[in-house]
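With mmCIF, C-alpha atoms and all ligand atoms inside, this is entry.cif:
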```cif
data_input
#
loop_
_atom_site.label_atom_id
_atom_site.label_comp_id
_atom_site.auth_asym_id
_atom_site.auth_seq_id
_atom_site.Cartn_x
_atom_site.Cartn_y
_atom_site.Cartn_z
CA MET A 818 2.90 -18.03 -23.26
CA THR A 819 3.10 -17.42 -19.48
CA PRO A 820 5.27 -14.57 -18.17
CA ALA A 821 7.86 -16.00 -15.77
CA TYR A 822 7.14 -13.58 -12.93
CA SER A 823 3.44 -14.42 -12.94
CA LEU A 824 4.19 -17.87 -11.54
CA LEU A 825 4.44 -18.72 -7.87
CA PRO A 826 7.77 -20.40 -7.08
CA THR A 827 5.89 -23.63 -6.33
CA ASP A 828 4.42 -23.60 -9.87
CA TRP A 829 7.83 -24.26 -11.42
CA THR A 830 7.79 -27.93 -10.43
CA ALA A 831 4.72 -28.46 -12.61
CA VAL A 832 6.26 -26.38 -15.40
CA CYS A 833 9.34 -28.59 -15.41
CA LYS A 834 7.13 -31.67 -15.61
CA THR A 835 5.25 -30.19 -18.58
CA LEU A 836 8.54 -29.45 -20.31
CA GLY A 837 9.79 -32.97 -19.58
CA LEU A 838 12.58 -31.70 -17.31
CA PRO A 839 13.80 -33.39 -14.13
CA ALA A 840 12.68 -31.80 -10.84
CA PHE A 841 16.11 -30.38 -9.97
CA ARG A 842 15.76 -27.96 -12.90
CA ALA A 843 13.02 -26.15 -10.98
CA LYS A 844 15.55 -25.41 -8.25
CA GLN A 845 18.04 -24.06 -10.78
CA ILE A 846 15.35 -21.91 -12.36
CA LEU A 847 14.32 -20.43 -8.99
CA GLN A 848 17.95 -19.83 -8.09
CA GLY A 849 18.40 -17.96 -11.37
CA LEU A 850 15.17 -15.98 -11.12
CA TYR A 851 15.23 -14.92 -7.49
CA LYS A 852 18.79 -15.39 -6.17
CA ASP A 853 20.84 -14.31 -9.17
CA CYS A 854 18.05 -12.03 -10.46
CA ILE A 855 18.81 -12.89 -14.10
CA SER A 856 17.33 -10.48 -16.61
CA SER A 857 17.28 -12.97 -19.49
CA TRP A 858 17.03 -16.76 -19.67
CA GLU A 859 20.23 -16.74 -21.69
CA ALA A 860 22.10 -15.81 -18.51
CA LEU A 861 20.99 -19.00 -16.73
CA THR A 862 23.98 -20.99 -17.90
CA THR A 863 23.33 -23.95 -15.58
CA LEU A 864 20.60 -24.93 -18.07
CA PRO A 865 21.25 -26.40 -21.54
CA GLY A 866 20.84 -23.90 -24.39
CA THR A 867 17.78 -25.62 -25.88
CA ILE A 868 15.91 -25.35 -22.58
CA ARG A 869 16.84 -21.69 -22.22
CA GLU A 870 15.49 -21.02 -25.71
CA GLN A 871 12.26 -22.83 -24.92
CA LEU A 872 11.84 -20.94 -21.64
CA ALA A 873 12.45 -17.62 -23.40
CA ILE A 874 9.57 -18.34 -25.79
CA GLU A 875 7.10 -19.92 -23.38
CA TYR A 876 7.96 -18.12 -20.13
CA PRO A 877 9.30 -14.69 -21.15
CA LEU A 878 11.23 -12.63 -18.65
CA THR A 879 10.99 -9.16 -20.10
CA ALA A 880 8.10 -7.45 -18.32
CA LEU A 881 9.53 -3.98 -17.65
CA LYS A 882 12.52 -1.91 -18.75
CA GLU A 883 14.07 1.09 -17.03
CA VAL A 884 13.45 4.32 -18.95
CA THR A 885 14.92 6.81 -16.52
CA ARG A 886 15.65 7.37 -12.87
CA THR A 887 15.81 10.61 -10.97
CA PRO A 888 19.20 11.31 -9.45
CA SER A 889 19.06 10.23 -5.81
CA GLY A 890 19.58 13.15 -3.45
CA ILE A 891 21.44 12.99 -0.17
CA ASP A 892 18.58 10.94 1.30
CA GLY A 893 19.13 8.26 -1.38
CA VAL A 894 15.51 8.30 -2.59
CA THR A 895 15.45 7.29 -6.25
CA LYS A 896 12.37 7.31 -8.44
CA PHE A 897 12.34 5.01 -11.46
CA LEU A 898 10.21 5.24 -14.57
CA LEU A 899 9.74 1.78 -16.08
CA GLU A 900 8.25 0.85 -19.43
CA ALA A 901 6.00 -2.12 -20.15
CA GLN A 902 5.94 -4.16 -23.38
CA ASP A 903 3.11 -2.00 -24.77
CA GLY A 904 5.01 1.23 -24.12
CA GLU A 905 3.01 2.26 -21.02
CA ARG A 906 5.06 3.74 -18.23
CA ILE A 907 4.86 3.38 -14.48
CA GLU A 908 6.72 4.67 -11.45
CA THR A 909 8.38 2.87 -8.60
CA VAL A 910 10.47 4.44 -5.83
CA TRP A 911 13.47 3.18 -3.87
CA ILE A 912 13.46 4.72 -0.38
CA PRO A 913 16.39 3.98 1.95
CA ALA A 914 15.94 4.93 5.61
CA ASP A 915 17.74 3.92 8.79
CA GLY A 916 19.68 1.12 7.13
CA ARG A 917 16.60 -0.44 5.55
CA VAL A 918 14.98 0.04 2.16
CA THR A 919 11.33 0.44 1.29
CA GLN A 920 10.19 0.11 -2.30
CA CYS A 921 6.98 1.82 -3.31
CA ILE A 922 5.32 -0.02 -6.22
CA SER A 923 2.47 0.75 -8.62
CA SER A 924 -0.61 -1.37 -9.25
CA GLN A 925 -2.07 0.40 -12.31
CA VAL A 926 -1.03 2.71 -15.15
CA GLY A 927 -2.69 5.87 -13.87
CA CYS A 928 -5.72 5.66 -11.60
CA ASN A 929 -9.49 6.14 -11.84
CA MET A 930 -10.15 7.27 -8.29
CA HIS A 931 -9.48 10.96 -8.97
CA CYS A 932 -8.41 12.05 -5.48
CA ALA A 933 -8.07 15.83 -5.80
CA PHE A 934 -4.42 16.08 -4.73
CA CYS A 935 -3.05 13.00 -6.46
CA ALA A 936 -1.07 13.30 -9.69
CA SER A 937 -1.61 9.63 -10.62
CA GLY A 938 -5.31 10.14 -11.23
CA GLN A 939 -5.08 13.29 -13.33
CA LEU A 940 -5.17 11.38 -16.60
CA GLY A 941 -7.41 8.51 -15.50
CA CYS A 942 -6.50 4.84 -15.55
CA VAL A 943 -5.05 3.42 -18.76
CA ARG A 944 -5.02 -0.17 -17.55
CA SER A 945 -4.24 -2.41 -14.61
CA LEU A 946 -0.83 -4.00 -14.29
CA THR A 947 -0.42 -7.76 -14.63
CA ALA A 948 0.98 -9.74 -11.68
CA ASP A 949 4.10 -10.18 -13.79
CA GLU A 950 4.54 -6.40 -14.14
CA ILE A 951 4.02 -5.83 -10.42
CA VAL A 952 6.65 -8.43 -9.48
CA SER A 953 8.94 -7.13 -12.20
CA GLN A 954 9.11 -3.69 -10.54
CA VAL A 955 10.82 -5.30 -7.57
CA MET A 956 13.05 -7.50 -9.73
CA VAL A 957 14.26 -4.65 -11.97
CA LEU A 958 15.14 -2.45 -8.99
CA SER A 959 16.71 -5.28 -6.99
CA LYS A 960 18.93 -6.01 -9.97
CA ALA A 961 19.80 -2.32 -10.37
CA MET A 962 20.47 -1.75 -6.67
CA GLY A 963 22.09 -5.12 -5.91
CA THR A 964 19.71 -6.04 -3.08
CA TYR A 965 16.05 -6.72 -2.39
CA PRO A 966 14.08 -4.07 -0.53
CA ASN A 967 13.23 -4.87 3.11
CA ASN A 968 9.72 -3.47 2.79
CA ILE A 969 7.22 -3.10 -0.01
CA VAL A 970 4.38 -0.60 -0.03
CA VAL A 971 1.71 -0.65 -2.73
CA MET A 972 1.47 3.14 -2.63
CA GLY A 973 2.60 4.07 -6.11
CA MET A 974 0.29 4.70 -9.02
CA GLY A 975 -3.13 3.08 -9.00
CA GLU A 976 -5.72 1.72 -6.61
CA PRO A 977 -4.64 -1.81 -5.65
CA PHE A 978 -8.19 -2.99 -4.91
CA MET A 979 -9.28 -2.04 -8.44
CA ASN A 980 -6.74 -4.67 -9.54
CA TYR A 981 -7.30 -7.03 -6.64
CA ASP A 982 -6.40 -10.44 -8.11
CA ASN A 983 -3.18 -9.39 -9.82
CA VAL A 984 -1.98 -7.42 -6.78
CA LEU A 985 -2.64 -10.32 -4.41
CA ARG A 986 -0.97 -12.80 -6.74
CA ALA A 987 2.09 -10.56 -7.11
CA LEU A 988 2.38 -10.02 -3.35
CA ARG A 989 2.16 -13.78 -2.76
CA ILE A 990 5.02 -14.28 -5.22
CA LEU A 991 7.12 -11.54 -3.56
CA ASN A 992 6.39 -13.09 -0.18
CA ALA A 993 7.19 -16.69 -1.24
CA GLN A 994 10.08 -18.34 0.54
CA GLN A 995 11.68 -19.57 -2.67
CA GLY A 996 11.01 -16.21 -4.28
CA PRO A 997 12.10 -12.78 -3.02
CA ASN A 998 10.98 -13.93 0.45
CA ILE A 999 9.86 -10.50 1.64
CA GLY A 1000 8.03 -10.94 4.95
CA ALA A 1001 4.26 -10.49 4.80
CA ARG A 1002 4.37 -7.98 7.64
CA HIS A 1003 6.82 -5.96 5.58
CA ILE A 1004 4.33 -5.67 2.71
CA THR A 1005 1.68 -2.94 2.91
CA ILE A 1006 -1.36 -2.49 0.69
CA SER A 1007 -2.81 1.02 0.67
CA THR A 1008 -6.40 1.60 -0.47
CA CYS A 1009 -8.45 4.74 -0.95
CA GLY A 1010 -11.29 2.86 0.77
CA ILE A 1011 -12.74 0.26 -1.63
CA VAL A 1012 -14.99 -1.54 0.86
CA PRO A 1013 -15.39 -4.86 -1.05
CA GLY A 1014 -11.58 -5.05 -1.33
CA ILE A 1015 -11.17 -4.65 2.43
CA GLU A 1016 -13.84 -7.31 3.00
CA LYS A 1017 -12.15 -9.70 0.58
CA LEU A 1018 -8.67 -9.19 2.04
CA ALA A 1019 -10.05 -10.02 5.50
CA GLN A 1020 -10.84 -13.52 4.20
CA GLU A 1021 -7.48 -14.25 2.52
CA GLY A 1022 -5.62 -15.50 5.56
CA VAL A 1023 -2.57 -13.38 4.72
CA GLN A 1024 -0.50 -11.23 7.07
CA PHE A 1025 0.00 -8.24 4.78
CA GLU A 1026 -0.40 -4.81 6.37
CA LEU A 1027 -3.38 -2.67 5.37
CA SER A 1028 -3.40 1.12 5.12
CA VAL A 1029 -6.56 3.08 4.43
CA SER A 1030 -6.41 6.59 2.97
CA LEU A 1031 -8.86 8.54 5.13
CA HIS A 1032 -7.62 12.12 4.68
CA ALA A 1033 -10.64 13.72 6.36
CA PRO A 1034 -12.51 13.51 9.65
CA ASN A 1035 -15.99 13.93 8.11
CA ASP A 1036 -17.86 13.21 4.89
CA GLU A 1037 -18.13 16.84 3.89
CA ILE A 1038 -14.36 17.26 3.65
CA ARG A 1039 -13.72 13.75 2.36
CA ASN A 1040 -16.22 14.28 -0.46
CA LYS A 1041 -14.19 17.28 -1.58
CA LEU A 1042 -10.94 15.33 -1.67
CA MET A 1043 -11.97 11.82 -2.64
CA PRO A 1044 -14.83 10.99 -5.02
CA VAL A 1045 -14.73 7.40 -3.70
CA ASN A 1046 -16.36 8.75 -0.51
CA LYS A 1047 -19.62 9.23 -2.41
CA ARG A 1048 -19.73 5.47 -3.02
CA TRP A 1049 -18.65 4.38 0.49
CA HIS A 1050 -18.89 7.10 3.09
CA ILE A 1051 -16.79 7.19 6.24
CA GLN A 1052 -19.10 5.20 8.50
CA GLU A 1053 -19.49 2.41 5.96
CA LEU A 1054 -15.72 2.38 5.42
CA LEU A 1055 -15.02 2.18 9.15
CA VAL A 1056 -17.50 -0.69 9.60
CA ALA A 1057 -15.51 -2.65 6.99
CA CYS A 1058 -12.25 -1.68 8.72
CA ASP A 1059 -13.58 -2.84 12.10
CA ALA A 1060 -14.70 -6.14 10.58
CA TYR A 1061 -11.24 -6.51 9.04
CA THR A 1062 -9.56 -5.98 12.39
CA ALA A 1063 -11.99 -8.34 14.14
CA GLN A 1064 -11.35 -11.06 11.55
CA THR A 1065 -7.57 -10.71 11.24
CA GLY A 1066 -6.47 -9.16 14.53
CA ARG A 1067 -4.44 -6.71 12.42
CA ILE A 1068 -4.30 -3.00 13.17
CA ILE A 1069 -5.10 -0.71 10.26
CA THR A 1070 -3.04 2.40 9.54
CA TYR A 1071 -5.10 5.40 8.45
CA GLU A 1072 -3.31 7.75 6.07
CA TYR A 1073 -4.15 11.40 6.54
CA THR A 1074 -2.79 13.94 4.07
CA LEU A 1075 -2.67 17.36 5.74
CA VAL A 1076 -3.94 20.21 3.56
CA HIS A 1077 -3.67 23.72 4.95
CA HIS A 1078 -6.94 25.07 6.42
CA LEU A 1079 -8.94 22.24 4.84
CA ASN A 1080 -8.29 19.40 7.31
CA ASP A 1081 -5.35 20.51 9.46
CA ARG A 1082 -7.09 22.60 12.19
CA ARG A 1083 -7.51 21.66 15.83
CA GLN A 1084 -11.20 20.95 15.28
CA HIS A 1085 -10.28 18.44 12.56
CA ALA A 1086 -7.83 16.71 14.87
CA ASP A 1087 -10.58 16.52 17.51
CA MET A 1088 -13.05 15.01 15.04
CA LEU A 1089 -10.45 12.48 13.91
CA ILE A 1090 -9.77 11.56 17.53
CA GLN A 1091 -13.50 10.98 18.02
CA LEU A 1092 -13.57 8.66 15.01
CA LEU A 1093 -10.53 6.61 15.97
CA ARG A 1094 -10.12 6.69 19.74
CA LYS A 1095 -12.14 3.53 20.38
CA ARG A 1096 -10.68 1.66 17.42
CA LYS A 1097 -7.46 -0.28 17.05
CA ALA A 1098 -5.88 2.23 14.75
CA ARG A 1099 -2.65 3.88 13.79
CA VAL A 1100 -2.46 7.17 11.94
CA ASN A 1101 0.17 8.25 9.44
CA LEU A 1102 0.15 11.97 8.71
CA ILE A 1103 1.39 13.07 5.29
CA PRO A 1104 1.96 16.80 4.79
CA LEU A 1105 0.58 17.53 1.30
CA SER A 1106 3.17 17.18 -1.42
CA PRO A 1107 2.21 20.06 -3.70
CA VAL A 1108 0.95 19.16 -7.18
CA GLU A 1109 0.28 21.71 -9.91
CA GLU A 1110 -3.27 20.51 -10.52
CA PHE A 1111 -4.48 21.02 -6.92
CA GLU A 1112 -4.85 24.44 -5.32
CA GLY A 1113 -4.42 23.15 -1.73
CA LYS A 1114 -1.32 24.18 0.22
CA THR A 1115 1.04 22.26 2.48
CA PRO A 1116 0.48 23.33 6.10
CA PRO A 1117 3.37 25.04 7.89
CA HIS A 1118 5.50 22.53 9.77
CA ALA A 1119 4.30 23.88 13.14
CA ASP A 1120 0.66 23.12 12.21
CA CYS A 1121 1.59 19.57 11.22
CA LEU A 1122 3.39 19.12 14.54
CA ALA A 1123 0.40 20.52 16.47
CA PHE A 1124 -1.91 18.05 14.68
CA LEU A 1125 0.47 15.20 15.46
CA ASP A 1126 0.69 16.30 19.07
CA ALA A 1127 -3.09 16.43 19.50
CA LEU A 1128 -3.44 12.85 18.25
CA LEU A 1129 -0.56 11.58 20.38
CA LYS A 1130 -1.99 13.25 23.50
CA ALA A 1131 -5.29 11.49 22.82
CA GLY A 1132 -3.40 8.19 22.91
CA ILE A 1133 -3.55 7.48 19.18
CA HIS A 1134 -0.44 5.85 17.78
CA THR A 1135 0.56 8.45 15.18
CA THR A 1136 3.55 8.99 12.91
CA MET A 1137 4.30 11.71 10.40
CA ARG A 1138 5.82 10.85 7.05
CA ARG A 1139 9.11 12.61 6.53
CA SER A 1140 9.13 14.75 3.46
CA ARG A 1141 11.42 12.81 1.17
CA GLY A 1142 12.52 12.87 -2.43
CA LYS A 1143 11.13 16.36 -2.91
CA GLN A 1144 13.52 17.04 -5.72
CA ALA A 1145 12.33 13.88 -7.40
CA ASP A 1146 8.67 14.62 -8.19
CA ALA A 1147 7.90 12.89 -4.93
CA ALA A 1148 4.10 12.64 -5.07
CA CYS A 1149 2.52 9.60 -6.71
CA GLY A 1150 2.37 9.86 -10.45
CA GLN A 1151 4.23 13.15 -10.77
CA LEU A 1152 7.15 11.83 -12.75
CA ARG A 1153 4.97 10.03 -15.29
CA LEU A 1154 2.69 13.05 -15.58
CA ARG A 1155 5.63 15.37 -16.18
CA LYS A 1156 7.05 13.06 -18.87
CA ILE A 1157 3.67 12.84 -20.63
CA LYS A 1158 3.27 16.62 -20.49
CA GLU A 1159 6.79 17.12 -21.84
CA ALA A 1160 6.02 14.72 -24.67
CA ASN A 1161 2.73 16.47 -25.53
CA HIS A 1162 4.42 19.83 -25.37
CA GLY A 1163 7.14 18.55 -27.68
CA THR A 1164 4.66 17.43 -30.34
CA LYS A 1165 2.75 20.71 -30.26
CA GLU A 1166 5.85 22.77 -30.98
N1 LIG B 1 -4.60 4.23 -4.20
C1 LIG B 1 -3.96 3.97 -2.95
C2 LIG B 1 -2.45 4.22 -3.01
C3 LIG B 1 -2.15 5.66 -3.31
S1 LIG B 1 -0.73 6.50 -2.87
C4 LIG B 1 -4.57 4.84 -1.87
O1 LIG B 1 -5.35 5.72 -2.19
O2 LIG B 1 -4.31 4.60 -0.70
C5 LIG B 1 -0.41 6.44 -1.20
C6 LIG B 1 -0.86 7.63 -0.37
O3 LIG B 1 -0.35 8.91 -0.81
C7 LIG B 1 -2.36 7.76 -0.36
O4 LIG B 1 -2.77 7.94 0.96
C8 LIG B 1 -2.58 8.98 -1.19
O5 LIG B 1 -3.83 9.58 -0.93
C9 LIG B 1 -1.40 9.84 -0.81
N2 LIG B 1 -1.12 10.94 -1.74
C10 LIG B 1 -1.30 10.99 -3.07
N3 LIG B 1 -0.92 12.18 -3.57
C11 LIG B 1 -0.49 12.91 -2.52
C12 LIG B 1 0.02 14.25 -2.38
N4 LIG B 1 0.14 15.05 -3.44
N5 LIG B 1 0.37 14.66 -1.15
C13 LIG B 1 0.26 13.84 -0.08
N6 LIG B 1 -0.24 12.60 -0.14
C14 LIG B 1 -0.61 12.12 -1.35
#
```
Please lay out the structure from this file as structure tokens.
Ligand code: SAH
Amino acid sequence: MTPAYSLLPTDWTAVCKTLGLPAFRAKQILQGLYKDCISSWEALTTLPGTIREQLAIEYPLTALKEVTRTPSGIDGVTKFLLEAQDGERIETVWIPADGRVTQCISSQVGCNMHCAFCASGQLGCVRSLTADEIVSQVMVLSKAMGTYPNNIVVMGMGEPFMNYDNVLRALRILNAQQGPNIGARHITISTCGIVPGIEKLAQEGVQFELSVSLHAPNDEIRNKLMPVNKRWHIQELLVACDAYTAQTGRIITYEYTLVHHLNDRRQHADMLIQLLRKRKARVNLIPLSPVEEFEGKTPPHADCLAFLDALLKAGIHTTMRRSRGKQADAACGQLRLRKIKEANHGTKE
């Protein structure tokens, strides 16, 4: 048994051969999978019934099911909770902005990196997602929303480089011309700083965007926020990032979550400028999205703007993430965590 969404569009020619089907069936299958976004083989009525039955058994199409979605607010941000075959649940978010849509997808059920402010890691990592489940997140939402997203960011639950092969396979499928055909430069992988993953991606010959979660201008602060920094400290991480840029010519975006008094002062901005001013780098500032399990506070808006301003004045290309989907458990992993807590609470009573 091979899940349908784990195959690259080009693999279907060989599948048809194996099944003894003429080559034009591969075209019909791809049309059904990625143009009509069928949710069961039964719906692919251009194929004879016996073939549909065979495909349903050997190439199942039922990776993920929608459990719930948060009501989209005026900004249209909608967070979905999807369920896998084994009952595990993951989040994916639909984020419309300026006439385009970005979908944020998950790479693992939970996460083992234990960043202090991140809800996804609170309960550890249950397992990695298969390539099929990663692609399925996009297919389920595209079906529900009637269109593919323009951009994909692997910024949901999980650390993509702890599930390297499946993430890369899934992104290749999403990027494939006869598949969802989402442009490589519209696909962003975000890592907490797994150095071997950055080194490996540099050799892939792909055009995906890379974001690195830095969150601190020195090791002392980064150690407090991100245990991964004890394995690869900032200098080692930046050496890998420089090598990546040298190899690919691609500019890395550094994510920097602003936490009040911890990393949002002028001196922190100055240290960050020192780290990045000679590098090809972009910075994306993210005002902390409060989570119950972390005592840090979101800086006042004026402090965030002052930080942004300092970086811009130093000539560093910097953006600040708009606070979106607040009503919808916006931070990574919050919706799943809340549902698990509700369930546990329910059984105790
Ligand atoms: N594991 C990947 C993807 C994680 S989520 C990574 O670490 O990059 C994408 C970004 O959101 C990361 O930069 C992550 O650190 C950040 N993030 C997680 N929880 C947050 C919160 N509560 N407030 C602000 N940013 C958060």
| message | Applying 8 Å and only C-alpha atoms, which residues near segment 978-989 of chain A remain after dropping the ones on its own chain fewer than 3 positions away? List them as a list in words. | response | Ser823, Leu825, Ser924, Gln925, Ser945, Leu946, Thr947, Ala948, Asp949, Ile951, Val952, Asn992, Ala993, Ile1004, Thr1008, Ile1011 and Gly1014 of chain A
Padding of 6 Å on every side, edges along x, y and z, all listed atoms of ligand LIG 1 (chain B) included: what centre and edge lengths in Å, to one decimal, does that box have, as AutoDock Vina command-line options?
```
--center_x -2.5 --center_y 9.5 --center_z -1.6 --size_x 17.7 --size_y 23.1 --size_z 17.2
```
Output as CSV one row per residue of chain A within 7 Å of ligand LIG 1 (chain B): the closest atom pair and its distance in Å to one decimal place, counting all atoms listed in the file, sorted by chain and residue number ascending.
```
residue,atom,partner,partner_atom,distance
A:Cys932,CA,B:LIG1,O5,6.9
A:Phe934,CA,B:LIG1,N4,4.8
A:Cys935,CA,B:LIG1,N3,3.7
A:Ala936,CA,B:LIG1,N3,6.2
A:Val971,CA,B:LIG1,C2,6.4
A:Met972,CA,B:LIG1,S1,4.0
A:Gly973,CA,B:LIG1,S1,5.2
A:Met974,CA,B:LIG1,C3,6.3
A:Gly975,CA,B:LIG1,N1,5.2
A:Glu976,CA,B:LIG1,N1,3.7
A:Pro977,CA,B:LIG1,N1,6.2
A:Ser1007,CA,B:LIG1,O2,4.1
A:Thr1008,CA,B:LIG1,O2,3.7
A:Cys1009,CA,B:LIG1,O1,3.5
A:Ser1028,CA,B:LIG1,O2,6.8
A:Val1029,CA,B:LIG1,O2,5.8
A:Ser1030,CA,B:LIG1,O4,4.4
A:Glu1072,CA,B:LIG1,O4,5.1
A:Tyr1073,CA,B:LIG1,O4,6.7
A:Thr1074,CA,B:LIG1,N6,5.1
A:Ile1103,CA,B:LIG1,C13,5.5
A:Pro1104,CA,B:LIG1,C13,5.9
A:Leu1105,CA,B:LIG1,N5,3.8
A:Ser1106,CA,B:LIG1,N5,3.8
A:Pro1107,CA,B:LIG1,N4,5.4
A:Val1108,CA,B:LIG1,N4,5.6
A:Ala1148,CA,B:LIG1,N4,4.9
A:Cys1149,CA,B:LIG1,N3,5.3
```
| task | Mind checking which residues fall within 12 Å of segment 902-904 of chain A, counting all atoms listed in the file, ignoring those fewer than 2 positions away in the same chain, and posting them as a PyMOL selection string? | result | chain A and resi 820+877-884+898-900+906-907+926+943-944+946-947+949-950+953
| note | For Ile999 of chain A, the closest of A:Ile969, A:Ala873, A:Ala1063, A:Ala860 counting only C-alpha atoms is A:Ile969
| field | Residue nearest Leu861 of chain A among A:Gln939, A:Gln1024, A:Thr1065, A:Gln848 (counting all atoms listed in the file) | value |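 Of the candidates, the smallest distance to Leu861 of chain A is held by A:Gln848.
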| request: Give the answer as one residue: which of A:Val910, A:Met930, A:Met956, A:Cys942 has the shortest atom-to-atom distance to Ile855 of chain A, using only C-alpha atoms? | output: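 Using only C-alpha atoms, Ile855 of chain A sits closest to A:Met956.
With atom CA of Ser857 of chain A on one side and atom CA of Leu872 of chain A on the other, the separation reads 9.9 Å.
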| message | With distances taken over all atoms listed in the file, which residue among A:Ser959, A:Ser856, A:Thr867, A:Gln995 lies nearest Leu824 of chain A? | response |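 Closest to Leu824 of chain A, using all atoms listed in the file: A:Gln995.
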